[in-house]
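Take a look at the structure set out below.
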Amino acid sequence: ELQTNEVGSSSDEQQKAPLISIRYKLKWDALWPQDSTLEEVSEADRFEYIQEALIEIGYKMKRKHSQKQMTKFEIVSHENELVVAEYPKLRGADGVSAMTDAELKDLALQLFTTGIVNTVNILRDGEQVDIFANAEFRKMADEKLF
């Protein structure tokens, strides 16, 4: 008989950890030609390309930054290059507790190194986390975020 539970996935600590969602604005060159119509690139193909981009982000984060939990995600919504994905397995450095604001800020900065992400917004249980400590950087980010 196959066991479907991952190690530790049923512990109370992990179930209580907040859900991390990430709102991305992806780079067009990771997707489809920006001016494509739905006839040229169908909705199903667009979803597939977005999924491939997030898979690529996950594996780059795993390889470059030892973020092993970024390969498990669920796309919640998407419109063109704007994507919201949930990362139910994302945890802090100990692998069990919730990520701190500092860890989430590091995660956001690491996401920019993938070459696929233009902007990023991180939410913890639906509440936006202020990942930019510098007010000037925050203002610049706000102008680009959706």
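Chain labels follow the order of the structure tokens: the first chain is A, the next B, and so on; residue numbering restarts at 1 in every chain, and ligands are counted from 1 in their shown order.
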
- Message: Give me the residues near segment 105-119 of chain A as number ranges by chain, where near means some atom within 6 Å (using only C-alpha atoms) and where sequence neighbours in that chain fewer than 2 positions away do not count.
- Response: A: 24-27, 102-103, 131

Would you write out those residues with C-alpha atoms, as a tab-separated table (two decimals), in the first residue's frame?
```
chain	number	residue	atom	x	y	z
A	24	TYR	CA	4.08	38.10	-9.20
A	25	LYS	CA	4.44	40.28	-12.21
A	26	LEU	CA	6.43	37.98	-14.47
A	27	LYS	CA	8.73	39.06	-17.29
A	102	ALA	CA	13.10	39.09	7.49
A	103	GLU	CA	12.99	35.65	5.83
A	131	ILE	CA	9.06	43.35	2.53
```

- Message: Which of segment 61-123 of chain A end up as strand (DSSP E or B) when DSSP is run on this backbone - answer as a ChimeraX atom specification?
- Response: /A:74-79,82-87,117-123

Mind dumping the selected residues with all heavy atoms as a short mmCIF file (atom, residue, chain, number, x, y, z; two decimals), in the first residue's frame?
```cif
data_model
loop_
_atom_site.label_atom_id
_atom_site.label_comp_id
_atom_site.auth_asym_id
_atom_site.auth_seq_id
_atom_site.Cartn_x
_atom_site.Cartn_y
_atom_site.Cartn_z
N GLU A 74 0.29 26.40 -5.83
CA GLU A 74 -1.00 26.34 -6.51
C GLU A 74 -1.28 27.72 -7.07
O GLU A 74 -1.24 28.72 -6.33
CB GLU A 74 -2.11 25.92 -5.55
CG GLU A 74 -3.46 25.81 -6.23
CD GLU A 74 -4.56 25.35 -5.30
OE1 GLU A 74 -4.26 24.73 -4.27
OE2 GLU A 74 -5.72 25.65 -5.61
N ILE A 75 -1.57 27.80 -8.35
CA ILE A 75 -1.92 29.07 -8.97
C ILE A 75 -3.36 29.41 -8.58
O ILE A 75 -4.27 28.64 -8.85
CB ILE A 75 -1.75 29.01 -10.50
CG1 ILE A 75 -0.28 28.76 -10.84
CG2 ILE A 75 -2.26 30.30 -11.15
CD1 ILE A 75 -0.01 28.45 -12.31
N VAL A 76 -3.52 30.55 -7.94
CA VAL A 76 -4.84 30.98 -7.47
C VAL A 76 -5.54 31.82 -8.54
O VAL A 76 -6.74 31.67 -8.78
CB VAL A 76 -4.72 31.79 -6.15
CG1 VAL A 76 -6.07 32.29 -5.69
CG2 VAL A 76 -4.05 30.95 -5.09
N SER A 77 -4.79 32.70 -9.17
CA SER A 77 -5.35 33.53 -10.24
C SER A 77 -4.23 33.98 -11.16
O SER A 77 -3.06 33.99 -10.78
CB SER A 77 -6.09 34.74 -9.66
OG SER A 77 -5.19 35.60 -9.00
N HIS A 78 -4.63 34.33 -12.38
CA HIS A 78 -3.65 34.86 -13.33
C HIS A 78 -4.37 35.68 -14.39
O HIS A 78 -5.50 35.38 -14.76
CB HIS A 78 -2.84 33.73 -13.98
CG HIS A 78 -3.65 32.82 -14.84
ND1 HIS A 78 -3.79 32.99 -16.19
CD2 HIS A 78 -4.39 31.74 -14.52
CE1 HIS A 78 -4.57 32.05 -16.68
NE2 HIS A 78 -4.95 31.27 -15.68
N GLU A 79 -3.71 36.74 -14.80
CA GLU A 79 -4.19 37.56 -15.91
C GLU A 79 -2.96 38.13 -16.60
O GLU A 79 -2.21 38.90 -16.00
CB GLU A 79 -5.10 38.68 -15.42
CG GLU A 79 -5.67 39.50 -16.56
CD GLU A 79 -6.61 40.59 -16.08
OE1 GLU A 79 -7.10 40.51 -14.95
OE2 GLU A 79 -6.82 41.54 -16.85
N LEU A 82 0.42 38.78 -14.70
CA LEU A 82 0.14 38.93 -13.28
C LEU A 82 -0.38 37.59 -12.73
O LEU A 82 -1.36 37.05 -13.22
CB LEU A 82 -0.89 40.02 -13.04
CG LEU A 82 -0.60 41.38 -13.69
CD1 LEU A 82 -1.73 42.35 -13.45
CD2 LEU A 82 0.72 41.93 -13.20
N VAL A 83 0.29 37.08 -11.71
CA VAL A 83 -0.02 35.75 -11.19
C VAL A 83 -0.03 35.77 -9.67
O VAL A 83 0.82 36.41 -9.05
CB VAL A 83 1.05 34.72 -11.65
CG1 VAL A 83 0.71 33.33 -11.15
CG2 VAL A 83 1.21 34.73 -13.16
N VAL A 84 -1.00 35.08 -9.07
CA VAL A 84 -1.01 34.87 -7.63
C VAL A 84 -0.90 33.36 -7.40
O VAL A 84 -1.68 32.58 -7.96
CB VAL A 84 -2.30 35.40 -6.96
CG1 VAL A 84 -2.29 35.10 -5.46
CG2 VAL A 84 -2.46 36.88 -7.21
N ALA A 85 0.10 32.97 -6.61
CA ALA A 85 0.30 31.55 -6.29
C ALA A 85 0.43 31.38 -4.79
O ALA A 85 0.98 32.24 -4.10
CB ALA A 85 1.55 31.03 -6.99
N GLU A 86 -0.10 30.26 -4.30
CA GLU A 86 0.01 29.92 -2.88
C GLU A 86 1.10 28.87 -2.72
O GLU A 86 1.23 27.97 -3.55
CB GLU A 86 -1.31 29.37 -2.35
CG GLU A 86 -2.41 30.40 -2.30
CD GLU A 86 -3.74 29.84 -1.82
OE1 GLU A 86 -3.92 28.60 -1.83
OE2 GLU A 86 -4.60 30.66 -1.45
N TYR A 87 1.84 28.99 -1.63
CA TYR A 87 2.94 28.07 -1.31
C TYR A 87 2.67 27.43 0.06
O TYR A 87 3.19 27.90 1.07
CB TYR A 87 4.27 28.81 -1.34
CG TYR A 87 4.65 29.25 -2.73
CD1 TYR A 87 4.18 30.44 -3.25
CD2 TYR A 87 5.43 28.43 -3.53
CE1 TYR A 87 4.51 30.83 -4.55
CE2 TYR A 87 5.77 28.81 -4.83
CZ TYR A 87 5.30 30.01 -5.33
OH TYR A 87 5.62 30.39 -6.61
N VAL A 117 11.10 37.24 -12.63
CA VAL A 117 10.19 38.05 -11.83
C VAL A 117 10.50 39.53 -12.00
O VAL A 117 11.64 39.96 -11.80
CB VAL A 117 10.32 37.65 -10.34
CG1 VAL A 117 9.46 38.54 -9.47
CG2 VAL A 117 9.96 36.18 -10.15
N ASN A 118 9.47 40.32 -12.37
CA ASN A 118 9.61 41.78 -12.43
C ASN A 118 9.29 42.42 -11.09
O ASN A 118 10.03 43.27 -10.62
CB ASN A 118 8.66 42.36 -13.49
CG ASN A 118 9.36 42.67 -14.78
OD1 ASN A 118 10.57 42.87 -14.83
ND2 ASN A 118 8.60 42.69 -15.86
N THR A 119 8.15 42.04 -10.51
CA THR A 119 7.76 42.57 -9.20
C THR A 119 7.19 41.44 -8.37
O THR A 119 6.74 40.42 -8.91
CB THR A 119 6.71 43.71 -9.30
OG1 THR A 119 5.52 43.19 -9.87
CG2 THR A 119 7.22 44.88 -10.09
N VAL A 120 7.19 41.63 -7.06
CA VAL A 120 6.69 40.60 -6.16
C VAL A 120 6.02 41.26 -4.96
O VAL A 120 6.46 42.30 -4.49
CB VAL A 120 7.83 39.65 -5.72
CG1 VAL A 120 8.89 40.38 -4.95
CG2 VAL A 120 7.31 38.48 -4.93
N ASN A 121 4.93 40.66 -4.53
CA ASN A 121 4.20 41.05 -3.33
C ASN A 121 4.00 39.78 -2.53
O ASN A 121 3.60 38.76 -3.09
CB ASN A 121 2.82 41.58 -3.73
CG ASN A 121 2.55 42.97 -3.28
OD1 ASN A 121 3.28 43.52 -2.48
ND2 ASN A 121 1.47 43.55 -3.78
N ILE A 122 4.26 39.80 -1.24
CA ILE A 122 4.10 38.60 -0.43
C ILE A 122 2.99 38.82 0.59
O ILE A 122 2.93 39.87 1.23
CB ILE A 122 5.43 38.23 0.27
CG1 ILE A 122 6.48 37.88 -0.79
CG2 ILE A 122 5.22 37.07 1.25
CD1 ILE A 122 7.82 37.46 -0.26
N LEU A 123 2.12 37.82 0.70
CA LEU A 123 1.01 37.88 1.65
C LEU A 123 1.09 36.70 2.60
O LEU A 123 1.42 35.59 2.19
CB LEU A 123 -0.33 37.84 0.91
CG LEU A 123 -0.58 39.03 -0.02
CD1 LEU A 123 -0.21 38.66 -1.44
CD2 LEU A 123 -2.01 39.46 0.06
#
```

- Item | Polymer residues at most 8 Å from Lys68 of chain A, only C-alpha atoms, same-chain spacing of 4 or more positions, as a PyMOL selection string | chain A and resi 58-59+61-62

- Query: Any idea what's packed within 12 Å of Glu48 of chain A, counting only C-alpha atoms, ignoring anything in its chain fewer than 5 positions away? Could you give it as a list of chain:residue names?
  - Reply: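 Listing them by chain and then by number gives A:Ala30, A:Leu31, A:Trp32, A:Val41, A:Ser42, A:Glu43, A:Ala53, A:Leu54, A:Ile55, A:Ile75, A:His78.
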
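Take atom CA of Asp29 of chain A and atom CA of Lys72 of chain A: the distance between them is 23.0 Å.
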
- Surrounding residues of segment 125-129 of chain A excluding itself and chain neighbours under 5 positions, 7 Å, only C-alpha atoms, as a list of chain:residue names: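 Skipping anything fewer than 5 positions along the chain leaves A:Pro18, A:Leu19, A:Ile20.
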
- Task: Could you pull out the residues in segment 3-95 of chain A that DSSP calls helix (DSSP H, G or I) from the backbone, as an MDAnalysis selection string?
- Result: chainID A and resid 12:16 28:30 43:65 68:71

- Task: Please measure the separation of atom CA of Leu104 of chain A and atom CA of Arg23 of chain A, giving the value in Å to one decimal.
- Result: 13.0 Å

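Remark: for Gly95 of chain A, the closest of the candidate residues A:Ser21, A:Thr37, A:Gln51, A:Gln69 is A:Gln69 (distances computed over only C-alpha atoms).
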